[in-house]
Amino acid sequence: MIILERTQVMNLENAMRGARNPLNSWDRSDSFRDAQGQFVLGPRDLDLAKRLCQAGSDHRKFIRQIIISVDITAPIYWWKEYDTYKVGTVANSTSTMHRIHSKPFEISDFSTDHMTPASRVLMESMVSGLEKLRQEYMETKDKKLWYSMIQLLPESYHQMRTCTMSYENGIAIYRARKDHKLEEWHSFCDWVSGLPYFQDFFPETGKL
């Protein structure tokens with residue numbers, strides 16, 4: 001399970017102006033803001049952007065200046081793979097260490113969507129056991145009980161992070177993960193391909 005919400009794409013206008021810097025072709029820019037104040041690429045700017053993206057990473061530097069912000073809720077096992085992408089990405093997460101005892105453990109706190117029925121029963125038993133430990137810890141503040149919760153916590157436990165990255169990060173992740181066995185990566189790649197102009201810049205992302 002993965003949830004991507006509160007997505008914002010920023011700095012497209014400045015990035016597009018920068019794309020015209022090498023040839024001083026700013027007078028050819030035809031982008032504009034619509035009635036809602038959203039920046040819209042005009043036909044000439046969009047054509048330039050597409051050509052630069054298809055020419056390779058040396059030519060598409062402008063997409064490194066298009067910034068994405070998103071809140072992602074995903075299981076720990078997915079975050080372990082996402083953490084491969086350190087260069088150009090930033091994330092602030094909810095704290096497991098500080099907040100693990102702050103609310104009751106519930107089955108909805110964990111990804112169980114691909115479990116067999118027998119596995120689901122085991123998970124429900126684990127969640128019940130974690131909740132008993134949490135309640136005992138809240139009564140006694142025994143650090144061994146807190147450690148027990150940390151060390152028993154399954155990798156399917158959900159964590160939310162606010163992440164920032166660029167369109168360059170987005171296409172790199174897409175190409176590396178689009179055929180991954182984890183369904184969460186397919187959902188992530190669908191989200192990337194749905195960002196403004198992403199399929200225009202990289203037509204391959206519309207073919208999943």
# chains A, B, ... in the order shown; residues from 1 in each chain; ligands from 1

$ closest_atom_pairs --of "range 61-87 of chain A" --to "range 156-167 of chain A" --cutoff "6 Å" --atoms "only C-alpha atoms" --output "CSV"
residue,atom,partner,partner_atom,distance
A:Ile63,CA,A:Tyr167,CA,5.3
A:Arg64,CA,A:Ser166,CA,5.3
A:Ile66,CA,A:Ser166,CA,5.5
A:Ile67,CA,A:Ser166,CA,4.5
A:Ile68,CA,A:Met165,CA,5.3
A:Ser69,CA,A:Thr164,CA,4.5
A:Val70,CA,A:Cys163,CA,5.4
A:Asp71,CA,A:Thr162,CA,4.4
A:Ile72,CA,A:Arg161,CA,5.4
A:Thr73,CA,A:Met160,CA,4.1
A:Ala74,CA,A:His158,CA,5.2
A:Pro75,CA,A:His158,CA,4.2
A:Ile76,CA,A:Ser156,CA,5.8

$ closest_atom_pairs --of "range 150-202 of chain A" --to "range 130-139 of chain A" --cutoff "12 Å" --atoms "only C-alpha atoms" --output "Markdown table"
| residue | atom | partner | partner_atom | distance |
| --- | --- | --- | --- | --- |
| A:Ile150 | CA | A:Leu130 | CA | 9.5 |
| A:Gln151 | CA | A:Leu130 | CA | 10.5 |
| A:Leu152 | CA | A:Leu130 | CA | 7.8 |
| A:Leu153 | CA | A:Leu130 | CA | 7.9 |
| A:Pro154 | CA | A:Leu130 | CA | 10.1 |
| A:Tyr157 | CA | A:Leu130 | CA | 11.8 |

$ write_last_selection --atoms "C-alpha atoms" --output "PDB file, in the first residue's frame"
ATOM      1  CA  ILE A 150      10.824  -1.159  18.241  1.00  0.00           C
ATOM      2  CA  GLN A 151      12.462  -4.537  17.689  1.00  0.00           C
ATOM      3  CA  LEU A 152       9.226  -6.392  17.006  1.00  0.00           C
ATOM      4  CA  LEU A 153       7.788  -3.793  14.651  1.00  0.00           C
ATOM      5  CA  PRO A 154       7.079  -5.410  11.239  1.00  0.00           C
ATOM      6  CA  TYR A 157       4.381  -0.599   9.353  1.00  0.00           C
TER       7      TYR A 157
END

$ residues_around --residues "range 11-23 of chain A" --least-positions-apart "3" --cutoff "10 Å" --atoms "only C-alpha atoms" --output "MDAnalysis selection string"
chainID A and resid 26:29 31:33 38:41 45:46 48:49 52 59:68 196

$ closest_residue --among "A:Arg177, A:Arg51, A:His101, A:Lys141" --to "Tyr85 in chain A" --atoms "only C-alpha atoms"
A:Arg177

$ atom_distance --atom1 "CA of Ser93 in chain A" --atom2 "CA of Gln199 in chain A"
29.1 Å

$ atom_distance --atom1 "CA of Pro43 in chain A" --atom2 "CA of Arg6 in chain A"
28.3 Å

$ residues_around --residues "Leu195 in chain A" --least-positions-apart "5" --cutoff "10 Å" --atoms "only C-alpha atoms" --output "list in words"
Thr7, Gln8, Val9, Ile68, Tyr167, Gly170 and Asp190 of chain A

$ select_by_dssp --residues "range 53-177 of chain A" --states "strand (DSSP E or B)" --output "JSON, numbers by chain"
{"A": [67, 68, 69, 70, 71, 72, 73, 74, 75, 90, 91, 92, 93, 110, 157, 158, 159, 160, 161, 162, 163, 164, 165, 166]}

$ write_last_selection --atoms "N, CA and C atoms" --output "mmCIF file, in the first residue's frame"
data_model
loop_
_atom_site.group_PDB
_atom_site.id
_atom_site.type_symbol
_atom_site.label_atom_id
_atom_site.label_comp_id
_atom_site.auth_asym_id
_atom_site.auth_seq_id
_atom_site.Cartn_x
_atom_site.Cartn_y
_atom_site.Cartn_z
ATOM 1 N N ILE A 67 10.520 21.453 -9.353
ATOM 2 C CA ILE A 67 10.521 20.831 -8.030
ATOM 3 C C ILE A 67 9.161 20.216 -7.710
ATOM 4 N N ILE A 68 9.202 19.029 -7.151
ATOM 5 C CA ILE A 68 8.001 18.311 -6.717
ATOM 6 C C ILE A 68 8.026 18.198 -5.196
ATOM 7 N N SER A 69 6.896 18.466 -4.567
ATOM 8 C CA SER A 69 6.722 18.187 -3.143
ATOM 9 C C SER A 69 5.518 17.274 -2.986
ATOM 10 N N VAL A 70 5.637 16.253 -2.144
ATOM 11 C CA VAL A 70 4.552 15.289 -1.977
ATOM 12 C C VAL A 70 4.657 14.628 -0.609
ATOM 13 N N ASP A 71 3.509 14.338 -0.017
ATOM 14 C CA ASP A 71 3.466 13.525 1.208
ATOM 15 C C ASP A 71 3.225 12.077 0.803
ATOM 16 N N ILE A 72 4.120 11.191 1.226
ATOM 17 C CA ILE A 72 4.019 9.775 0.884
ATOM 18 C C ILE A 72 3.855 8.962 2.164
ATOM 19 N N THR A 73 2.809 8.152 2.206
ATOM 20 C CA THR A 73 2.633 7.176 3.283
ATOM 21 C C THR A 73 2.862 5.794 2.687
ATOM 22 N N ALA A 74 3.827 5.068 3.237
ATOM 23 C CA ALA A 74 4.206 3.777 2.665
ATOM 24 C C ALA A 74 4.816 2.898 3.751
ATOM 25 N N PRO A 75 4.840 1.584 3.526
ATOM 26 C CA PRO A 75 5.434 0.680 4.517
ATOM 27 C C PRO A 75 6.958 0.817 4.563
ATOM 28 N N VAL A 90 15.000 15.105 -0.738
ATOM 29 C CA VAL A 90 14.972 15.419 0.686
ATOM 30 C C VAL A 90 13.675 14.878 1.258
ATOM 31 N N ALA A 91 13.729 14.359 2.494
ATOM 32 C CA ALA A 91 12.508 13.852 3.124
ATOM 33 C C ALA A 91 12.546 14.094 4.625
ATOM 34 N N ASN A 92 11.421 14.551 5.170
ATOM 35 C CA ASN A 92 11.214 14.635 6.610
ATOM 36 C C ASN A 92 10.124 13.646 6.986
ATOM 37 N N SER A 93 10.426 12.746 7.917
ATOM 38 C CA SER A 93 9.492 11.670 8.233
ATOM 39 C C SER A 93 8.861 11.850 9.607
ATOM 40 N N PHE A 110 -0.644 -0.989 9.106
ATOM 41 C CA PHE A 110 0.271 -1.895 8.405
ATOM 42 C C PHE A 110 -0.275 -2.233 7.018
ATOM 43 N N TYR A 157 4.880 -1.758 8.613
ATOM 44 C CA TYR A 157 4.381 -0.599 9.353
ATOM 45 C C TYR A 157 4.477 0.653 8.478
ATOM 46 N N HIS A 158 3.438 1.479 8.492
ATOM 47 C CA HIS A 158 3.386 2.667 7.641
ATOM 48 C C HIS A 158 4.144 3.844 8.258
ATOM 49 N N GLN A 159 4.836 4.552 7.399
ATOM 50 C CA GLN A 159 5.482 5.804 7.797
ATOM 51 C C GLN A 159 5.143 6.865 6.754
ATOM 52 N N MET A 160 4.907 8.080 7.221
ATOM 53 C CA MET A 160 4.632 9.191 6.301
ATOM 54 C C MET A 160 5.839 10.114 6.251
ATOM 55 N N ARG A 161 6.224 10.496 5.029
ATOM 56 C CA ARG A 161 7.305 11.457 4.842
ATOM 57 C C ARG A 161 6.868 12.536 3.857
ATOM 58 N N THR A 162 7.303 13.754 4.113
ATOM 59 C CA THR A 162 7.148 14.837 3.149
ATOM 60 C C THR A 162 8.425 14.881 2.321
ATOM 61 N N CYS A 163 8.289 14.636 1.030
ATOM 62 C CA CYS A 163 9.451 14.471 0.152
ATOM 63 C C CYS A 163 9.509 15.585 -0.887
ATOM 64 N N THR A 164 10.725 16.006 -1.213
ATOM 65 C CA THR A 164 10.940 16.896 -2.343
ATOM 66 C C THR A 164 11.957 16.267 -3.278
ATOM 67 N N MET A 165 11.749 16.494 -4.567
ATOM 68 C CA MET A 165 12.646 15.979 -5.603
ATOM 69 C C MET A 165 12.405 16.796 -6.864
ATOM 70 N N SER A 166 13.205 16.560 -7.871
ATOM 71 C CA SER A 166 13.038 17.263 -9.138
ATOM 72 C C SER A 166 12.466 16.322 -10.190
#

$ atom_distance --atom1 "CA of Val121 in chain A" --atom2 "CA of Phe105 in chain A"
15.3 Å

$ select_by_dssp --residues "range 37-204 of chain A" --states "helix (DSSP H, G or I)" --output "MDAnalysis selection string"
chainID A and resid 43:54 61:65 76:82 96:99 107:109 117:140 143:152 167:177 183:193 198:201 203:204
